[in-house]
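Everything below belongs to model_11.cif, which stores mmCIF, C-alpha atoms.
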data_target
loop_
_atom_site.label_atom_id
_atom_site.label_comp_id
_atom_site.auth_asym_id
_atom_site.auth_seq_id
_atom_site.Cartn_x
_atom_site.Cartn_y
_atom_site.Cartn_z
CA LYS I 1 0.34 1.46 14.08
CA GLN I 2 2.16 3.81 11.73
CA GLU I 3 3.27 2.36 8.42
CA VAL I 4 5.49 4.14 5.92
CA THR I 5 5.64 3.16 2.27
CA GLN I 6 8.07 4.38 -0.36
CA ILE I 7 7.48 4.15 -4.07
CA PRO I 8 9.24 3.20 -6.23
CA ALA I 9 11.52 0.69 -4.55
CA ALA I 10 14.16 1.33 -7.17
CA LEU I 11 14.69 4.00 -9.79
CA SER I 12 17.27 4.38 -12.54
CA VAL I 13 17.57 7.67 -14.43
CA PRO I 14 20.04 9.33 -16.79
CA GLU I 15 22.18 12.15 -15.46
CA GLY I 16 20.56 15.56 -15.55
CA GLU I 17 17.00 14.34 -15.13
CA ASN I 18 14.69 15.79 -12.49
CA LEU I 19 13.03 13.13 -10.37
CA VAL I 20 10.52 12.62 -7.58
CA LEU I 21 10.60 10.06 -4.79
CA ASN I 22 7.38 9.31 -2.97
CA CYS I 23 6.64 8.54 0.66
CA SER I 24 3.24 7.81 2.20
CA PHE I 25 2.26 7.20 5.81
CA THR I 26 -0.92 5.77 7.29
CA ASP I 27 -1.36 7.93 10.39
CA SER I 28 -1.41 11.65 9.59
CA ALA I 29 -0.88 12.63 13.25
CA ILE I 30 2.86 13.11 12.86
CA TYR I 31 5.25 15.57 14.45
CA ASN I 32 7.79 15.71 11.66
CA LEU I 33 9.07 13.87 8.61
CA GLN I 34 12.72 13.35 7.81
CA TRP I 35 14.40 12.35 4.55
CA PHE I 36 17.70 10.50 4.76
CA ARG I 37 20.28 9.29 2.31
CA GLN I 38 22.17 6.01 2.80
CA ASP I 39 25.20 5.11 0.72
CA PRO I 40 26.18 1.42 0.45
CA GLY I 41 27.87 0.23 3.63
CA LYS I 42 27.44 3.61 5.29
CA GLY I 43 25.24 5.25 7.87
CA LEU I 44 22.31 7.57 7.27
CA THR I 45 22.75 11.22 6.39
CA SER I 46 19.89 13.55 7.18
CA LEU I 47 18.86 15.54 4.10
CA LEU I 48 15.76 17.47 5.08
CA LEU I 49 13.38 17.63 8.01
CA ILE I 50 9.86 19.01 7.66
CA GLN I 51 7.78 19.93 10.67
CA SER I 52 4.12 18.93 10.59
CA SER I 53 3.16 22.61 10.32
CA GLN I 54 5.34 23.13 7.23
CA ARG I 55 4.59 22.41 3.59
CA GLU I 56 8.11 22.15 2.22
CA GLN I 57 11.82 22.45 2.85
CA THR I 58 14.62 23.10 0.39
CA SER I 59 18.33 22.41 0.45
CA GLY I 60 20.31 22.99 -2.73
CA ARG I 61 18.90 20.76 -5.47
CA LEU I 62 16.59 18.99 -3.02
CA ASN I 63 13.05 19.97 -2.21
CA ALA I 64 10.82 18.02 0.14
CA SER I 65 7.10 18.62 0.40
CA LEU I 66 4.62 17.44 2.99
CA ASP I 67 0.87 16.99 2.68
CA LYS I 68 0.06 15.86 6.18
CA SER I 69 -3.69 15.47 5.69
CA SER I 70 -3.25 13.05 2.83
CA GLY I 71 -0.29 11.30 4.44
CA ARG I 72 2.19 12.03 1.68
CA SER I 73 5.62 13.51 1.16
CA THR I 74 7.76 13.86 -1.94
CA LEU I 75 11.47 14.42 -2.38
CA TYR I 76 12.28 16.29 -5.57
CA ILE I 77 15.83 16.09 -6.87
CA ALA I 78 16.71 18.57 -9.59
CA ALA I 79 19.35 17.99 -12.26
CA SER I 80 20.36 14.60 -10.89
CA GLN I 81 24.05 13.61 -10.80
CA PRO I 82 25.80 10.23 -10.51
CA GLY I 83 26.82 11.24 -7.00
CA ASP I 84 23.14 11.26 -6.03
CA SER I 85 23.08 7.47 -6.41
CA ALA I 86 22.11 6.06 -3.01
CA THR I 87 19.13 4.73 -1.08
CA TYR I 88 16.74 7.43 0.07
CA LEU I 89 14.75 6.77 3.23
CA CYS I 90 11.73 8.57 4.55
CA ALA I 91 10.88 8.49 8.27
CA VAL I 92 8.03 9.98 10.32
CA LYS I 93 8.07 10.90 13.99
CA GLU I 94 4.85 10.33 15.89
CA GLY I 95 5.05 13.06 18.47
CA GLU I 96 7.13 15.70 20.15
CA THR I 97 8.13 13.79 23.26
CA SER I 98 11.31 11.79 23.61
CA GLY I 99 9.25 8.59 23.74
CA SER I 100 8.02 9.05 20.19
CA ARG I 101 9.26 6.66 17.56
CA LEU I 102 10.76 7.35 14.16
CA THR I 103 9.15 4.93 11.70
CA PHE I 104 11.05 4.28 8.48
CA GLY I 105 9.98 3.32 5.01
CA GLU I 106 11.90 0.65 3.15
CA GLY I 107 13.65 3.16 0.94
CA THR I 108 14.03 3.96 -2.74
CA GLN I 109 17.29 2.84 -4.33
CA LEU I 110 18.28 5.53 -6.83
CA THR I 111 20.83 5.03 -9.60
CA VAL I 112 21.84 8.00 -11.72
CA ASN I 113 23.64 6.90 -14.86
CA PRO I 114 26.34 9.11 -16.41
CA ASP Q 1 34.93 15.55 14.03
CA THR Q 2 32.53 12.64 13.86
CA ALA Q 3 29.21 13.56 15.44
CA VAL Q 4 28.00 10.02 16.21
CA SER Q 5 30.62 7.28 16.31
CA GLN Q 6 30.33 3.54 16.80
CA THR Q 7 32.84 0.81 17.53
CA PRO Q 8 33.56 -1.65 16.14
CA LYS Q 9 32.58 -1.10 12.52
CA TYR Q 10 32.64 -4.82 11.80
CA LEU Q 11 32.07 -7.67 14.22
CA VAL Q 12 32.29 -11.33 13.26
CA THR Q 13 31.61 -13.86 15.98
CA GLN Q 14 30.28 -17.32 16.60
CA MET Q 15 26.90 -18.36 17.88
CA GLY Q 16 26.61 -18.35 21.63
CA ASN Q 17 29.19 -15.63 22.22
CA ASP Q 18 28.53 -12.37 24.06
CA LYS Q 19 29.52 -9.08 22.41
CA SER Q 20 29.18 -5.34 22.91
CA ILE Q 21 28.86 -2.38 20.56
CA LYS Q 22 29.70 1.10 21.74
CA CYS Q 23 28.29 4.44 20.65
CA GLU Q 24 29.31 7.99 21.45
CA GLN Q 25 27.90 11.32 20.34
CA ASN Q 26 29.58 14.70 20.70
CA LEU Q 27 26.55 16.77 19.71
CA GLY Q 28 25.38 17.42 23.25
CA HIS Q 29 22.10 15.63 22.53
CA ASP Q 30 19.92 14.29 25.32
CA THR Q 31 18.50 11.24 23.52
CA MET Q 32 20.21 8.26 21.94
CA TYR Q 33 18.86 5.29 20.00
CA TRP Q 34 19.72 1.84 18.73
CA TYR Q 35 18.28 0.70 15.41
CA LYS Q 36 18.60 -2.63 13.61
CA GLN Q 37 18.78 -2.82 9.82
CA ASP Q 38 18.07 -6.29 8.53
CA SER Q 39 19.16 -7.92 5.29
CA LYS Q 40 16.25 -6.30 3.48
CA LYS Q 41 17.57 -2.90 4.57
CA PHE Q 42 14.55 -2.23 6.78
CA LEU Q 43 15.40 -0.01 9.77
CA LYS Q 44 13.62 -0.61 13.04
CA ILE Q 45 13.98 1.05 16.44
CA MET Q 46 15.20 -1.17 19.27
CA PHE Q 47 15.84 1.15 22.20
CA SER Q 48 15.91 4.80 23.11
CA TYR Q 49 17.45 6.57 26.10
CA ASN Q 50 16.69 10.09 27.20
CA ASN Q 51 19.08 11.57 29.76
CA LYS Q 52 20.28 8.05 30.60
CA GLU Q 53 16.72 6.81 31.15
CA LEU Q 54 15.25 4.03 29.00
CA ILE Q 55 12.15 5.37 27.26
CA ILE Q 56 11.63 3.10 24.24
CA ASN Q 57 12.05 -0.63 24.52
CA GLU Q 58 10.64 -2.40 21.49
CA THR Q 59 9.90 -6.09 21.34
CA VAL Q 60 13.50 -7.15 21.45
CA PRO Q 61 14.81 -10.39 23.01
CA ASN Q 62 16.14 -9.80 26.50
CA ARG Q 63 19.50 -11.06 25.27
CA PHE Q 64 19.91 -7.46 24.12
CA SER Q 65 20.71 -5.06 26.94
CA PRO Q 66 21.43 -1.38 26.38
CA LYS Q 67 23.40 0.67 28.87
CA SER Q 68 23.84 4.42 29.01
CA PRO Q 69 26.64 5.42 31.40
CA ASP Q 70 26.10 9.09 30.54
CA LYS Q 71 24.21 11.22 28.05
CA ALA Q 72 26.95 10.99 25.45
CA HIS Q 73 27.26 7.20 25.43
CA LEU Q 74 24.90 4.32 24.69
CA ASN Q 75 26.25 0.79 24.52
CA LEU Q 76 24.53 -2.38 23.36
CA HIS Q 77 25.42 -5.72 24.88
CA ILE Q 78 24.20 -8.91 23.26
CA ASN Q 79 24.29 -12.25 25.06
CA SER Q 80 24.20 -15.72 23.51
CA LEU Q 81 24.37 -14.48 19.93
CA GLU Q 82 22.19 -16.24 17.35
CA LEU Q 83 22.40 -16.41 13.55
CA GLY Q 84 19.34 -14.17 13.28
CA ASP Q 85 21.15 -11.38 15.09
CA SER Q 86 23.28 -10.80 12.00
CA ALA Q 87 22.44 -7.29 10.83
CA VAL Q 88 23.73 -3.75 10.79
CA TYR Q 89 23.16 -1.91 14.07
CA PHE Q 90 22.94 1.85 13.98
CA CYS Q 91 23.22 4.29 16.82
CA ALA Q 92 21.57 7.69 16.55
CA SER Q 93 21.05 10.78 18.67
CA SER Q 94 18.76 13.80 18.82
CA GLN Q 95 17.90 16.71 21.06
CA GLU Q 96 14.38 16.11 22.27
CA SER Q 97 13.95 18.88 24.79
CA VAL Q 98 12.23 22.15 23.90
CA GLY Q 99 14.18 24.09 21.32
CA GLY Q 100 15.94 20.97 20.11
CA ALA Q 101 16.08 21.64 16.37
CA TRP Q 102 12.82 19.78 15.80
CA ASN Q 103 14.22 16.48 17.07
CA GLU Q 104 16.35 15.83 13.98
CA GLN Q 105 18.13 12.49 14.32
CA TYR Q 106 21.79 11.99 13.47
CA PHE Q 107 23.09 8.52 12.74
CA GLY Q 108 26.38 6.76 13.29
CA PRO Q 109 28.14 4.76 10.54
CA GLY Q 110 26.76 1.44 11.73
CA THR Q 111 28.21 -1.81 13.05
CA ARG Q 112 27.92 -4.83 10.77
CA LEU Q 113 27.45 -7.88 12.97
CA THR Q 114 27.91 -11.30 11.43
CA VAL Q 115 27.15 -14.36 13.52
CA THR Q 116 28.52 -17.64 12.18
#

Written as structure tokens, that's how I'd like the structure from this file.
Amino acid sequence: KQEVTQIPAALSVPEGENLVLNCSFTDSAIYNLQWFRQDPGKGLTSLLLIQSSQREQTSGRLNASLDKSSGRSTLYIAASQPGDSATYLCAVKEGETSGSRLTFGEGTQLTVNP
Amino acid sequence: DTAVSQTPKYLVTQMGNDKSIKCEQNLGHDTMYWYKQDSKKFLKIMFSYNNKELIINETVPNRFSPKSPDKAHLNLHINSLELGDSAVYFCASSQESVGGAWNEQYFGPGTRLTVT
């Protein structure tokens, strides 16, 4: 059974700092990995999706890497801003078919202080 | 335009009642999902429908019954509500067929259900 762990559970940084959020998964046979952002009381916003054949994806100040063999992914946020404060969730998809599940980690709650 | 929408956003009801949550997506996706987020913020899949066919049915009490009238809609009906059903329920959608943007999932804003 796939298990996804995110470390740290919470992180508080000053504005402008670069930071890394970690995600690990127990079964390396994944199809893709998706990073989401969740603001308090809101739904999930997809940030980046990495296919199992890829090593990284970039969008603006965000960069997500994937090391499938070791079961790890990182989300790098450059020059953090107070508006980046949210919970960041990592999720892995088992396979390509529509019957494949997306398994979530418990999230990292990020606070960026002005 | 909202890609995945849910109604209602908030639902407060008493134990024993029956309630429904509705979800609609305008992305043209072929697969829709229901997730439950508990008080610890942990998200877990409940159901998934592909082209109106149930394909994922996790260990969920049979008081929960999903219905997909068409590919763009997935509703969740809950009978005999219990205190433990209080949670945020999220609908999501994705395109799972070949060429479907790597099966990226898009989420609705959630429905906060409170059972008193």

Which of these residues is nearest to chain Q, using all atoms listed in the file: I:Val20, I:Leu33, I:Ala79, I:Ile7? I:Leu33

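Proximity to chain Q was assessed for I:Leu49, I:Val13, I:Ala78, I:Ile30 counting all atoms listed in the file; the smallest distance is recorded for I:Leu49.
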
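Remark: for Q:Leu74, the closest of the candidate residues Q:Asp18, Q:Cys23, Q:Gln105, Q:Ile55 is Q:Cys23 (distances computed over all atoms listed in the file).
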
Check: which chain I residues lie within 10 Å of chain Q using all atoms listed in the file, as a PyMOL selection string: chain I and resi 31-34+36+38+41-46+48-51+87+89+91+93+95-107

Excluding same-chain residues fewer than 6 positions from I:Ala86, what lies within 8 Å of it counting all atoms listed in the file, as a ChimeraX atom specification? /I:37-40,109-111

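Atom pair atom CA of I:Ser59 / atom CA of I:Leu47 has a distance of 7.8 Å (rounded to one decimal).
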
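If you apply the PyMOL selection byres ((chain I and resi 26) around 7) to this structure, you end up with Gln2, Glu3, Val4, Ser24, Phe25, Asp27, Ser28 and Gly71 of chain I.
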
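Across the structure, atom CA of Q:Asp70 and atom CA of Q:Gln25 are spaced 10.6 Å apart.
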
Please give the centre and size of the box around stretch 62-66 of chain I (axis-aligned, containing every atom listed in the file, 5 Å added per side), with values in Å to one decimal and written as lines of an AutoDock Vina configuration file.
center_x = 10.6
center_y = 18.7
center_z = 0.0
size_x = 22.0
size_y = 12.5
size_z = 16.0

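Going from atom CA of Q:Pro66 to atom CA of Q:Asp85 covers 15.1 Å.
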
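Of the listed residues Q:Arg63, Q:His77, Q:His29, Q:Lys22, the one whose atoms come nearest to Q:Tyr10 is Q:Lys22, with distances taken using only C-alpha atoms.
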
Can you list what the PyMOL selection byres ((chain Q and resi 14) around 12) grabs from this structure, as a PyMOL selection string? chain Q and resi 11-13+15-19+79-86+113-116

What residues come out when you apply the PyMOL selection byres ((chain I and resi 65) around 8) to this file, written as a PyMOL selection string? chain I and resi 50+55-57+63-64+66-67+73-75

Some atoms are absent from stretch 40-51 of chain Q, so rebuild all heavy atoms and return them as a CSV table (one decimal), keeping the file's coordinate frame.
chain,number,residue,atom,x,y,z
Q,40,LYS,N,17.1,-7.0,4.5
Q,40,LYS,CA,16.2,-6.3,3.5
Q,40,LYS,C,16.4,-4.8,3.6
Q,40,LYS,O,15.6,-4.1,3.0
Q,40,LYS,CB,14.8,-6.7,3.6
Q,40,LYS,CG,14.6,-8.2,3.3
Q,40,LYS,CD,13.1,-8.6,3.4
Q,40,LYS,CE,12.9,-10.0,3.0
Q,40,LYS,NZ,11.5,-10.4,3.1
Q,41,LYS,N,17.3,-4.3,4.4
Q,41,LYS,CA,17.6,-2.9,4.6
Q,41,LYS,C,16.5,-2.1,5.3
Q,41,LYS,O,16.5,-0.9,5.3
Q,41,LYS,CB,17.8,-2.2,3.2
Q,41,LYS,CG,18.8,-2.9,2.3
Q,41,LYS,CD,20.2,-2.9,3.0
Q,41,LYS,CE,21.2,-3.5,2.0
Q,41,LYS,NZ,22.5,-3.6,2.7
Q,42,PHE,N,15.6,-2.9,6.0
Q,42,PHE,CA,14.6,-2.2,6.8
Q,42,PHE,C,15.1,-1.8,8.2
Q,42,PHE,O,15.6,-2.7,8.9
Q,42,PHE,CB,13.3,-3.1,6.9
Q,42,PHE,CG,12.1,-2.5,7.5
Q,42,PHE,CD1,11.6,-1.3,6.9
Q,42,PHE,CD2,11.6,-2.9,8.7
Q,42,PHE,CE1,10.5,-0.7,7.4
Q,42,PHE,CE2,10.5,-2.3,9.2
Q,42,PHE,CZ,9.9,-1.2,8.6
Q,43,LEU,N,14.9,-0.6,8.5
Q,43,LEU,CA,15.4,0.0,9.8
Q,43,LEU,C,14.3,0.0,10.8
Q,43,LEU,O,13.2,0.5,10.6
Q,43,LEU,CB,15.8,1.4,9.6
Q,43,LEU,CG,17.3,1.7,9.4
Q,43,LEU,CD1,17.5,3.2,9.0
Q,43,LEU,CD2,18.1,1.5,10.7
Q,44,LYS,N,14.6,-0.6,12.0
Q,44,LYS,CA,13.6,-0.6,13.0
Q,44,LYS,C,14.2,-0.2,14.4
Q,44,LYS,O,15.3,-0.6,14.7
Q,44,LYS,CB,13.0,-2.0,13.1
Q,44,LYS,CG,11.8,-2.1,14.0
Q,44,LYS,CD,11.1,-3.4,13.9
Q,44,LYS,CE,9.8,-3.4,14.7
Q,44,LYS,NZ,9.2,-4.7,14.8
Q,45,ILE,N,13.5,0.6,15.1
Q,45,ILE,CA,14.0,1.0,16.4
Q,45,ILE,C,14.0,-0.1,17.4
Q,45,ILE,O,13.2,-1.0,17.4
Q,45,ILE,CB,13.1,2.1,17.0
Q,45,ILE,CG1,13.6,2.7,18.3
Q,45,ILE,CG2,11.6,1.7,17.2
Q,45,ILE,CD1,14.6,3.7,18.2
Q,46,MET,N,15.1,-0.2,18.2
Q,46,MET,CA,15.2,-1.2,19.3
Q,46,MET,C,15.0,-0.5,20.6
Q,46,MET,O,14.2,-0.9,21.4
Q,46,MET,CB,16.6,-1.8,19.2
Q,46,MET,CG,16.9,-2.6,17.9
Q,46,MET,SD,18.5,-3.2,17.9
Q,46,MET,CE,18.5,-4.5,19.1
Q,47,PHE,N,15.9,0.5,20.9
Q,47,PHE,CA,15.8,1.2,22.2
Q,47,PHE,C,16.1,2.6,22.0
Q,47,PHE,O,16.6,3.1,21.1
Q,47,PHE,CB,17.0,0.6,23.1
Q,47,PHE,CG,17.0,-0.8,23.4
Q,47,PHE,CD1,17.9,-1.7,22.7
Q,47,PHE,CD2,16.1,-1.4,24.3
Q,47,PHE,CE1,17.9,-3.0,22.9
Q,47,PHE,CE2,16.1,-2.7,24.6
Q,47,PHE,CZ,17.0,-3.6,23.9
Q,48,SER,N,15.6,3.4,23.0
Q,48,SER,CA,15.9,4.8,23.1
Q,48,SER,C,16.1,5.2,24.6
Q,48,SER,O,15.4,4.7,25.5
Q,48,SER,CB,14.8,5.6,22.5
Q,48,SER,OG,15.0,7.0,22.7
Q,49,TYR,N,17.1,6.0,24.8
Q,49,TYR,CA,17.4,6.6,26.1
Q,49,TYR,C,17.4,8.1,26.1
Q,49,TYR,O,17.9,8.7,25.1
Q,49,TYR,CB,18.9,6.2,26.5
Q,49,TYR,CG,18.9,4.8,27.3
Q,49,TYR,CD1,18.8,3.7,26.6
Q,49,TYR,CD2,19.1,4.8,28.6
Q,49,TYR,CE1,18.9,2.4,27.2
Q,49,TYR,CE2,19.2,3.6,29.3
Q,49,TYR,CZ,19.1,2.4,28.6
Q,49,TYR,OH,19.2,1.2,29.3
Q,50,ASN,N,16.7,8.7,27.1
Q,50,ASN,CA,16.7,10.1,27.2
Q,50,ASN,C,17.3,10.4,28.6
Q,50,ASN,O,16.8,10.0,29.6
Q,50,ASN,CB,15.2,10.6,27.1
Q,50,ASN,CG,15.1,12.1,27.4
Q,50,ASN,OD1,14.8,12.5,28.5
Q,50,ASN,ND2,15.5,12.9,26.4
Q,51,ASN,N,18.4,11.2,28.5
Q,51,ASN,CA,19.1,11.6,29.8
Q,51,ASN,C,19.4,10.3,30.6
Q,51,ASN,O,19.1,10.3,31.8
Q,51,ASN,CB,18.3,12.6,30.6
Q,51,ASN,CG,18.4,14.0,29.9
Q,51,ASN,OD1,19.4,14.4,29.5
Q,51,ASN,ND2,17.2,14.6,29.9
